[in-house]
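Reading through the structure tokens given below for one structure.
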Amino acid sequence: QKFVYDFTEGNRELKDLLGGKGANLAEMTNLGLPVPPGFTITTEACKGYLANGEEPAALRDEVTAHLDALEKQMGKKLGQGNDPLLVSVRSGAKFSMPGMMDTVLNIGLSDKSVQGLAKQAGDDRFAWDSYRRLIQMFGKTVLGVDGELFEDALEAAKTAKKVTVDTDLEAADLKKLVTKFKKIVKTEAGRDFPQDPREQMDLAIEAVFNSWNTDRAKLYRRQERIPGDLGTAVNVCSMVFGNLGPDSGTGVAFTRDPASGQAGVYGDYLQNAQGEDVVAGIRNTVPLAELEQIDKKSYDQLMEIMTTLENHYKDLCDIEFTIERGQLWMLQTRVGKRTAGAAFRIATQLVDQGLIDEAEALQRVNGAQLAQLMFPRFDDTATSQEGKVEKIGRGIAASPGAAVGKAVFDSYTAVKWSRSGEKVILIRRETNPDDLDGMIAAEGILTSRGGKTSHAAVVARGMGKTCVCGAEDLEVDTKRRRMTVGDTVVEEGDVVSIDGSTGKVYLGEVPVVPSPVVEYFEGRMHAGAEEADELVAAVHRIMSFADGKRRLRVRANADNAEDALRARRFGAQGIGLCRTEHMFLGERREMVEKLILADTENEREAALKDLLPLQKKDFVELFEAMDGLPVTVRLLDPPLHEFLPDITELSVRVALAESRKDSNENDLRLLQAVHRLHEQNPMLGLRGVRLGLVIPGLFTMQVRAIAEAAAERKTAKGDPRAEIMIPLVGTVQELEIVREDAEKVIAEVQEQTGVELKLALGTMIELPRAALTAGQIAEAAEFFSFGTNDLTQTVWGFSRDDVEASFFTAYLEKGIFGVSPFETIDKDGVGSLVRNAVQAGRATRPDLKLGVCGEHGGDPESVHFFHEVGLDYVSCSPFRIPVARLEAGRAAA
Ligand code: ADP
Ligand code: MG
Ligand code: MG
């Protein structure tokens with residue numbers, strides 16, 4: 001096994017082995033770009049070290065061999081007195097990871113070689129500056145000394161000299177600082193700063209290995225779902241110096257703007273500086289464009305290299321470079337992070353440049369980015385208006401969106417105020433399951449503790465609610481119902497605005513503007529800013545790529561004409577789930593009560609008769625809105641008690657009435673009914689098809705309403721395409737009975753209206769038994785729609801209403817699953833039932849139509865799964881339709 005690769009030996013495909021940084025350094029080397037020579041120690045070596053607590057036996061010799069070769073090539077020896085070779089030791093995992101060890105520069109400097117370096121460079125100041133940097137970085141990251149001690153000493157030196165920037169310190173000052181730093185190391189680490197260059201290098205390499213398992217690194221991996229066993233590579237790279245005076249410097253650059261995607265010159269440059277100086281904000285950097293004036297030759301070369309890199313990687317790259325006395329060196333590149341908007345624009349620009357094709361463009365964006373672009377956002381022009389609103393803090397952007405409301409500090413008040421029509425922001429130190437009601441009632445949630453997997457963050461994302469968490473500057477005082485941020489006090493009732501996409505918190509009301517992307521989908525794209533139009537144009541093109549490629553059709557979950565019309569504008573190709581329970585609420589509740597309370601056949605029939613025309617009207621409107629496209633109507637699903645008054649409230653009312661001796665007959669009957677229908681476990685009780693089988697006339701009334709509505713639309717020259725869906729079927733017998741009754745009713749309606757009707761009859765597959773016997777069920781069903789919400793509940797034995805708030809946070813933190821199975825389909829468990837049911841169903845009935853309704857239909861990863869198992873369509877809420885279209889296209893591309 002080979003543990004060390006020279007930069008000339010690797011390439012960008014070897015990220016697993018060489019880490020991202022190492023693989024790309026090799027790629028640049030092989031492109032002929034000026035990269036300082038060096039080598040990479042593999043992740044395998046790291047894994048071996050971590051497993052056994054010591055370096056693999058062969059590693060030391062291999063490092064020695066590569067170091068020898070490097071020394072030959074450079075014509076210098078590591079740390080050698082009169083002309084030392086210096087190197088950096090740089091960590092570099094497959095994924096870039098904050099929380100891992102920092103890089104140590106200038107390895108090889110010692111009390112002796114610092115003199116040699118000074119002589120060779122003809123610059124004392126530079127040599128001592130490099131040495132103090134080494135001790136500082138080495139002390140902090142390898143020996144674990146508190147970095148502030150060094151910074152304080154540096155500050156003190158500047159103060160003593162009455163200067164403000166470190167470049168004003170002279171050689172003598174830096175020399176003194178080195179002595180000081182060495183003392184700090186001695187006291188804090190209990191050992192001398194190592195003078196042997198090879199020992200420095202070996203200790204640094206070991207420290208990089210160990211940094212893979214720091215708490216911060218582990219936490220980050222868990223949050224980002226990065227496997228814990230990848231290990232990190234270590235890069236040893238010969239030093240080039242940006243701190244050799246004004247004709248030297250260091251910088252970062254992007255091949256195009258990572259915020260907007262625009263081509264151009266983006267980056268920062270700092271003269272006479274080394275390493276992180278440019279991003280550390282210690283001195284003012286200049287925009288990269290100014291490098292043209294400072295050093296035209298290097299600037300032109302850099303521009304050329306950026307073009308080379310973009311054409312080679314066919315994507316936006318970010319870059320670290322250093323100029324040493326007029327000579328340009330490339331120190332790092334990678335495909336750069338970008339905002340969601342930039343991702344869409346860059347993808348289309350690269351297509352226009354002929355660098356990538358449409359299929360590749362689809363891989364450069366994703367549904368989560370599109371969803372992000374669809375959230376309403378704060379009006380940028382307003383947040384920059386001084387005085388009107390004040391930015392008071394910033395936390396973690398946990399769940400996107402822009403929320404405005406009155407500050408409340410407990411759930412009870414949140415619920416109370418929101419009931420009376422107030423918009424509220426729930427502010428807590430952290431949330432727990434007791435806060436659930438308040439979180440539901442609030443426009444947004446703000447906490448001062450906790451990260452992206454905190455209770456607040458997880459629950460808010462699940463609810464699609466705006467959330468900023470871990471805003472640590474906020475002192476939340478729930479007892480006194482206020483929070484303080486510095487001098488600012490925010491009392492209960494003060495208006496605050498939170499931005500879940502940036503984590504920013506404002507005091508005052510920030511105006512919210514709809515997303516231009518939604519305006520576009522809605523067909524209302526207004527003459528917005530130029531930038532908005534470009535974004536919209538990019539989204540438009542990417543969506544047309546996706547629509548051109550996808551096999552899955554996308555339908556909407558919609559219960560009324562308004563939602564149906566919006567869904568159509570968003571590109572829905574029908575309705576996959578129309579829930580009828582909402583049609584039984586509101587003013588109609590009374591009729592439903594009558595139906596439930598009916599003692600005699602006559603009473604029941606009278607109640608059903610009242611409901612029929614209302615139901616019919618709902619369907620006529622829906623079929624009209626979705627004219628020409630399929631509409632799947634699900635017959636009544638939830639348990640009946642959901643339509644009755646709350647048991648406690650009603651009991652109290654009855655008891656009070658009794659004590660006043662004026663009991664109301666109806667209330668008494670209601671109470672009896674509530675008791676009769678009360679179930680310990682309504683989710684597993686009398687609902688769905690079971691209801692249809694025990695309440696005579698209920699399902700047939702609904703079928704009649706659908707059939708009559710379809711007939712009416714046909715008479716009006718419309719094209720209704722109704723499909724009737726039976727929920728919660730567990731066995732084919734249930735379906736057969738309902739089917740027989742339904743067919744009778746449909747025949748009657750045809751007879752009465754003289755209109756020929758073709759109504760498909762199918763079922764949901766949402767119980768494990770249904771999935772397991774799908775082959776039988778397909779005999780009575782013309783279509784299946786997988787109800788993956790209920791299927792997930794029943795396969796896992798999880799009550800969705802309870803578990804997300806009670807123990808999912810713990811499960812996520814322990815890594816039992818990376819994401820809630822209600823959010824992304826559990827492929828191994830629930831998914832395998834779906835896969836088998838698809839096969840069994842099609843074996844019985846080859847033209848069986850297959851779809852999915854439920855939250856998973858709009859979840860990117862799940863959409864890919866449904867594509868793969870061969871469903872015909874996914875159905876999701878209207879707002880998710882563009883996301884589903886895009887992901888369906890990506891899955892097929
Ligand atoms: P990070 O992963 O934090 O970016 P790097 O390994 O890239 O860490 O190094 C930190 C800084 O030091 C960067 O600015 C980088 O350009 C600089 N640097 C690393 N190696 C060298 C080197 N051999 N010569 C000069 N500067 C270097
Ligand atoms: Mg770097
Ligand atoms: Mg269901």
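We name chains A, B, ... following the order of the structure tokens; residues begin at 1 in each chain, and ligands are numbered from 1 as shown.
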
Quiz item: Could you pull out all residues of region 661-781 of chain A with a DSSP call of strand (DSSP E) and give them as a list of chain:residue names?
Solution: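 Strand (DSSP E) members of region 661-781 of chain A, listed: A:Arg721, A:Ala722, A:Glu723, A:Ile724, A:Met725, A:Ile726, A:Ala760, A:Leu761, A:Gly762, A:Thr763, A:Met764, A:Ile765.
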
Take the residues just selected and output them with C-alpha atoms as a tab-separated table (two decimals), in the first residue's frame.
```
chain	number	residue	atom	x	y	z
A	721	ARG	CA	-61.12	13.17	-15.32
A	722	ALA	CA	-62.13	12.05	-11.88
A	723	GLU	CA	-60.50	9.15	-10.09
A	724	ILE	CA	-61.99	7.76	-6.90
A	725	MET	CA	-59.55	6.69	-4.23
A	726	ILE	CA	-60.31	4.52	-1.21
A	760	ALA	CA	-61.27	5.12	-12.37
A	761	LEU	CA	-61.41	3.42	-8.99
A	762	GLY	CA	-58.29	2.82	-7.03
A	763	THR	CA	-56.82	2.69	-3.60
A	764	MET	CA	-54.18	4.07	-1.38
A	765	ILE	CA	-51.41	1.74	-0.32
```

Exercise. May I ask you to write as number ranges by chain all residues lying at most 10 Å from ligand 1, with only C-alpha atoms and all ligand atoms counted?
Key: A: 20-22, 35-38, 86-93, 96-107, 234-243, 249-252, 273-280, 319-324, 329-333

Next, dump the selected residues to file, keeping only C-alpha atoms, as a short mmCIF file (atom, residue, chain, number, x, y, z; two decimals), in the first residue's frame.
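Written out: part.cif:
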```cif
data_model
loop_
_atom_site.label_atom_id
_atom_site.label_comp_id
_atom_site.auth_asym_id
_atom_site.auth_seq_id
_atom_site.Cartn_x
_atom_site.Cartn_y
_atom_site.Cartn_z
CA GLY A 20 -10.03 17.65 -1.75
CA LYS A 21 -7.05 19.94 -1.33
CA GLY A 22 -4.47 17.30 -2.24
CA VAL A 35 2.16 25.03 -7.72
CA PRO A 36 4.97 24.84 -5.15
CA PRO A 37 6.18 21.22 -5.15
CA GLY A 38 5.08 18.89 -2.40
CA LEU A 86 10.49 25.40 4.61
CA VAL A 87 7.17 23.63 4.19
CA SER A 88 3.58 23.96 5.20
CA VAL A 89 1.68 21.05 6.71
CA ARG A 90 -1.93 21.30 5.65
CA SER A 91 -4.94 19.20 6.55
CA GLY A 92 -7.35 18.32 3.79
CA ALA A 93 -10.27 15.91 4.04
CA SER A 96 -13.74 20.78 3.67
CA MET A 97 -14.40 20.79 7.38
CA PRO A 98 -14.25 23.64 9.84
CA GLY A 99 -13.21 22.38 13.23
CA MET A 100 -10.26 20.41 11.89
CA MET A 101 -6.67 21.33 12.40
CA ASP A 102 -5.42 24.54 10.89
CA THR A 103 -2.46 24.64 8.61
CA VAL A 104 1.03 25.22 10.02
CA LEU A 105 3.24 27.36 7.80
CA ASN A 106 7.01 27.89 7.84
CA ILE A 107 7.90 24.48 9.24
CA VAL A 234 -2.09 15.71 4.98
CA ASN A 235 -0.38 17.94 2.44
CA VAL A 236 3.25 18.89 2.79
CA CYS A 237 3.92 21.80 0.48
CA SER A 238 7.11 23.78 0.00
CA MET A 239 6.69 27.36 1.20
CA VAL A 240 6.37 30.40 -0.97
CA PHE A 241 6.39 33.77 0.71
CA GLY A 242 3.93 36.58 0.37
CA ASN A 243 5.50 38.43 3.28
CA GLY A 249 1.37 39.31 -1.20
CA THR A 250 -1.40 36.81 -0.90
CA GLY A 251 -4.98 36.63 -2.10
CA VAL A 252 -8.15 34.73 -2.73
CA ALA A 273 1.19 39.11 3.91
CA GLN A 274 1.14 35.42 4.51
CA GLY A 275 -1.50 32.72 4.68
CA GLU A 276 -4.73 33.58 6.38
CA ASP A 277 -3.88 37.28 6.80
CA VAL A 278 -6.08 38.06 3.84
CA VAL A 279 -9.22 36.59 5.37
CA ALA A 280 -8.37 37.33 9.01
CA ILE A 319 -8.54 29.95 -5.56
CA GLU A 320 -5.80 30.79 -3.08
CA PHE A 321 -2.63 32.29 -4.47
CA THR A 322 0.54 33.97 -3.30
CA ILE A 323 2.95 36.26 -5.08
CA GLU A 324 6.57 36.02 -4.01
CA TRP A 329 2.05 30.65 -7.09
CA MET A 330 -1.19 28.70 -6.88
CA LEU A 331 -1.86 27.25 -3.45
CA GLN A 332 -5.35 25.86 -3.68
CA THR A 333 -8.39 25.54 -5.87
#
```

Quiz item: Within 9 Å of ligand 3, counting only C-alpha atoms and all ligand atoms: which residues, as JSON, numbers by chain?
Solution: {"A": [637, 638, 688, 727, 728, 764, 765, 766, 767, 786, 787, 788, 789, 790, 791, 854]}

Restricting it to N, CA and C atoms, dump the selection as a PDB file, in the first residue's frame.
```pdb
ATOM      1  N   ASP A 637     -61.481  10.126   5.099  1.00  0.00           N
ATOM      2  CA  ASP A 637     -60.454   9.341   5.767  1.00  0.00           C
ATOM      3  C   ASP A 637     -60.436   9.429   7.288  1.00  0.00           C
ATOM      4  N   PRO A 638     -60.521  10.610   7.897  1.00  0.00           N
ATOM      5  CA  PRO A 638     -60.256  10.676   9.337  1.00  0.00           C
ATOM      6  C   PRO A 638     -61.399  10.133  10.181  1.00  0.00           C
ATOM      7  N   GLY A 688     -60.971   5.828   7.416  1.00  0.00           N
ATOM      8  CA  GLY A 688     -60.748   5.341   6.053  1.00  0.00           C
ATOM      9  C   GLY A 688     -61.855   4.416   5.594  1.00  0.00           C
ATOM     10  N   PRO A 727     -59.240   5.138   0.893  1.00  0.00           N
ATOM     11  CA  PRO A 727     -58.109   5.170   1.822  1.00  0.00           C
ATOM     12  C   PRO A 727     -58.076   3.983   2.787  1.00  0.00           C
ATOM     13  N   LEU A 728     -56.888   3.718   3.278  1.00  0.00           N
ATOM     14  CA  LEU A 728     -56.643   2.794   4.380  1.00  0.00           C
ATOM     15  C   LEU A 728     -57.130   1.361   4.142  1.00  0.00           C
ATOM     16  N   MET A 764     -55.461   3.689  -1.936  1.00  0.00           N
ATOM     17  CA  MET A 764     -54.179   4.069  -1.377  1.00  0.00           C
ATOM     18  C   MET A 764     -53.492   2.816  -0.876  1.00  0.00           C
ATOM     19  N   ILE A 765     -52.187   2.803  -0.968  1.00  0.00           N
ATOM     20  CA  ILE A 765     -51.412   1.744  -0.322  1.00  0.00           C
ATOM     21  C   ILE A 765     -50.690   2.438   0.816  1.00  0.00           C
ATOM     22  N   GLU A 766     -51.222   2.271   2.016  1.00  0.00           N
ATOM     23  CA  GLU A 766     -50.646   2.998   3.147  1.00  0.00           C
ATOM     24  C   GLU A 766     -50.594   2.150   4.404  1.00  0.00           C
ATOM     25  N   LEU A 767     -50.930   0.860   4.257  1.00  0.00           N
ATOM     26  CA  LEU A 767     -50.767  -0.069   5.376  1.00  0.00           C
ATOM     27  C   LEU A 767     -49.811  -1.167   4.912  1.00  0.00           C
ATOM     28  N   PHE A 786     -49.427   5.558  -3.289  1.00  0.00           N
ATOM     29  CA  PHE A 786     -48.769   5.222  -2.035  1.00  0.00           C
ATOM     30  C   PHE A 786     -48.919   6.383  -1.057  1.00  0.00           C
ATOM     31  N   GLY A 787     -49.539   6.069   0.072  1.00  0.00           N
ATOM     32  CA  GLY A 787     -49.677   7.080   1.120  1.00  0.00           C
ATOM     33  C   GLY A 787     -48.507   6.898   2.065  1.00  0.00           C
ATOM     34  N   THR A 788     -47.389   7.509   1.709  1.00  0.00           N
ATOM     35  CA  THR A 788     -46.164   7.180   2.448  1.00  0.00           C
ATOM     36  C   THR A 788     -46.116   7.803   3.840  1.00  0.00           C
ATOM     37  N   ASN A 789     -47.001   8.766   4.132  1.00  0.00           N
ATOM     38  CA  ASN A 789     -47.033   9.268   5.517  1.00  0.00           C
ATOM     39  C   ASN A 789     -47.519   8.169   6.451  1.00  0.00           C
ATOM     40  N   ASP A 790     -48.726   7.642   6.134  1.00  0.00           N
ATOM     41  CA  ASP A 790     -49.262   6.590   6.984  1.00  0.00           C
ATOM     42  C   ASP A 790     -48.411   5.331   6.904  1.00  0.00           C
ATOM     43  N   LEU A 791     -47.889   5.052   5.727  1.00  0.00           N
ATOM     44  CA  LEU A 791     -47.067   3.855   5.588  1.00  0.00           C
ATOM     45  C   LEU A 791     -45.817   3.957   6.476  1.00  0.00           C
ATOM     46  N   GLY A 854     -48.599  12.566  -0.413  1.00  0.00           N
ATOM     47  CA  GLY A 854     -47.967  12.666   0.905  1.00  0.00           C
ATOM     48  C   GLY A 854     -46.687  13.442   0.781  1.00  0.00           C
TER      49      GLY A 854
END
```

Self-check item: Nearest to Lys183 (chain A), chosen from A:Ile135, A:Leu611, A:Ala368, A:Pro846, with only C-alpha atoms counted in the distances
Solution: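 Using only C-alpha atoms, Lys183 (chain A) sits closest to A:Ile135.
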
Practice problem: Measuring atom to atom with only C-alpha atoms and all ligand atoms, identify which of A:Pro511, A:Gly336, A:Gly829, A:Pro613 is nearest to ligand 2. | Solution: A:Gly336
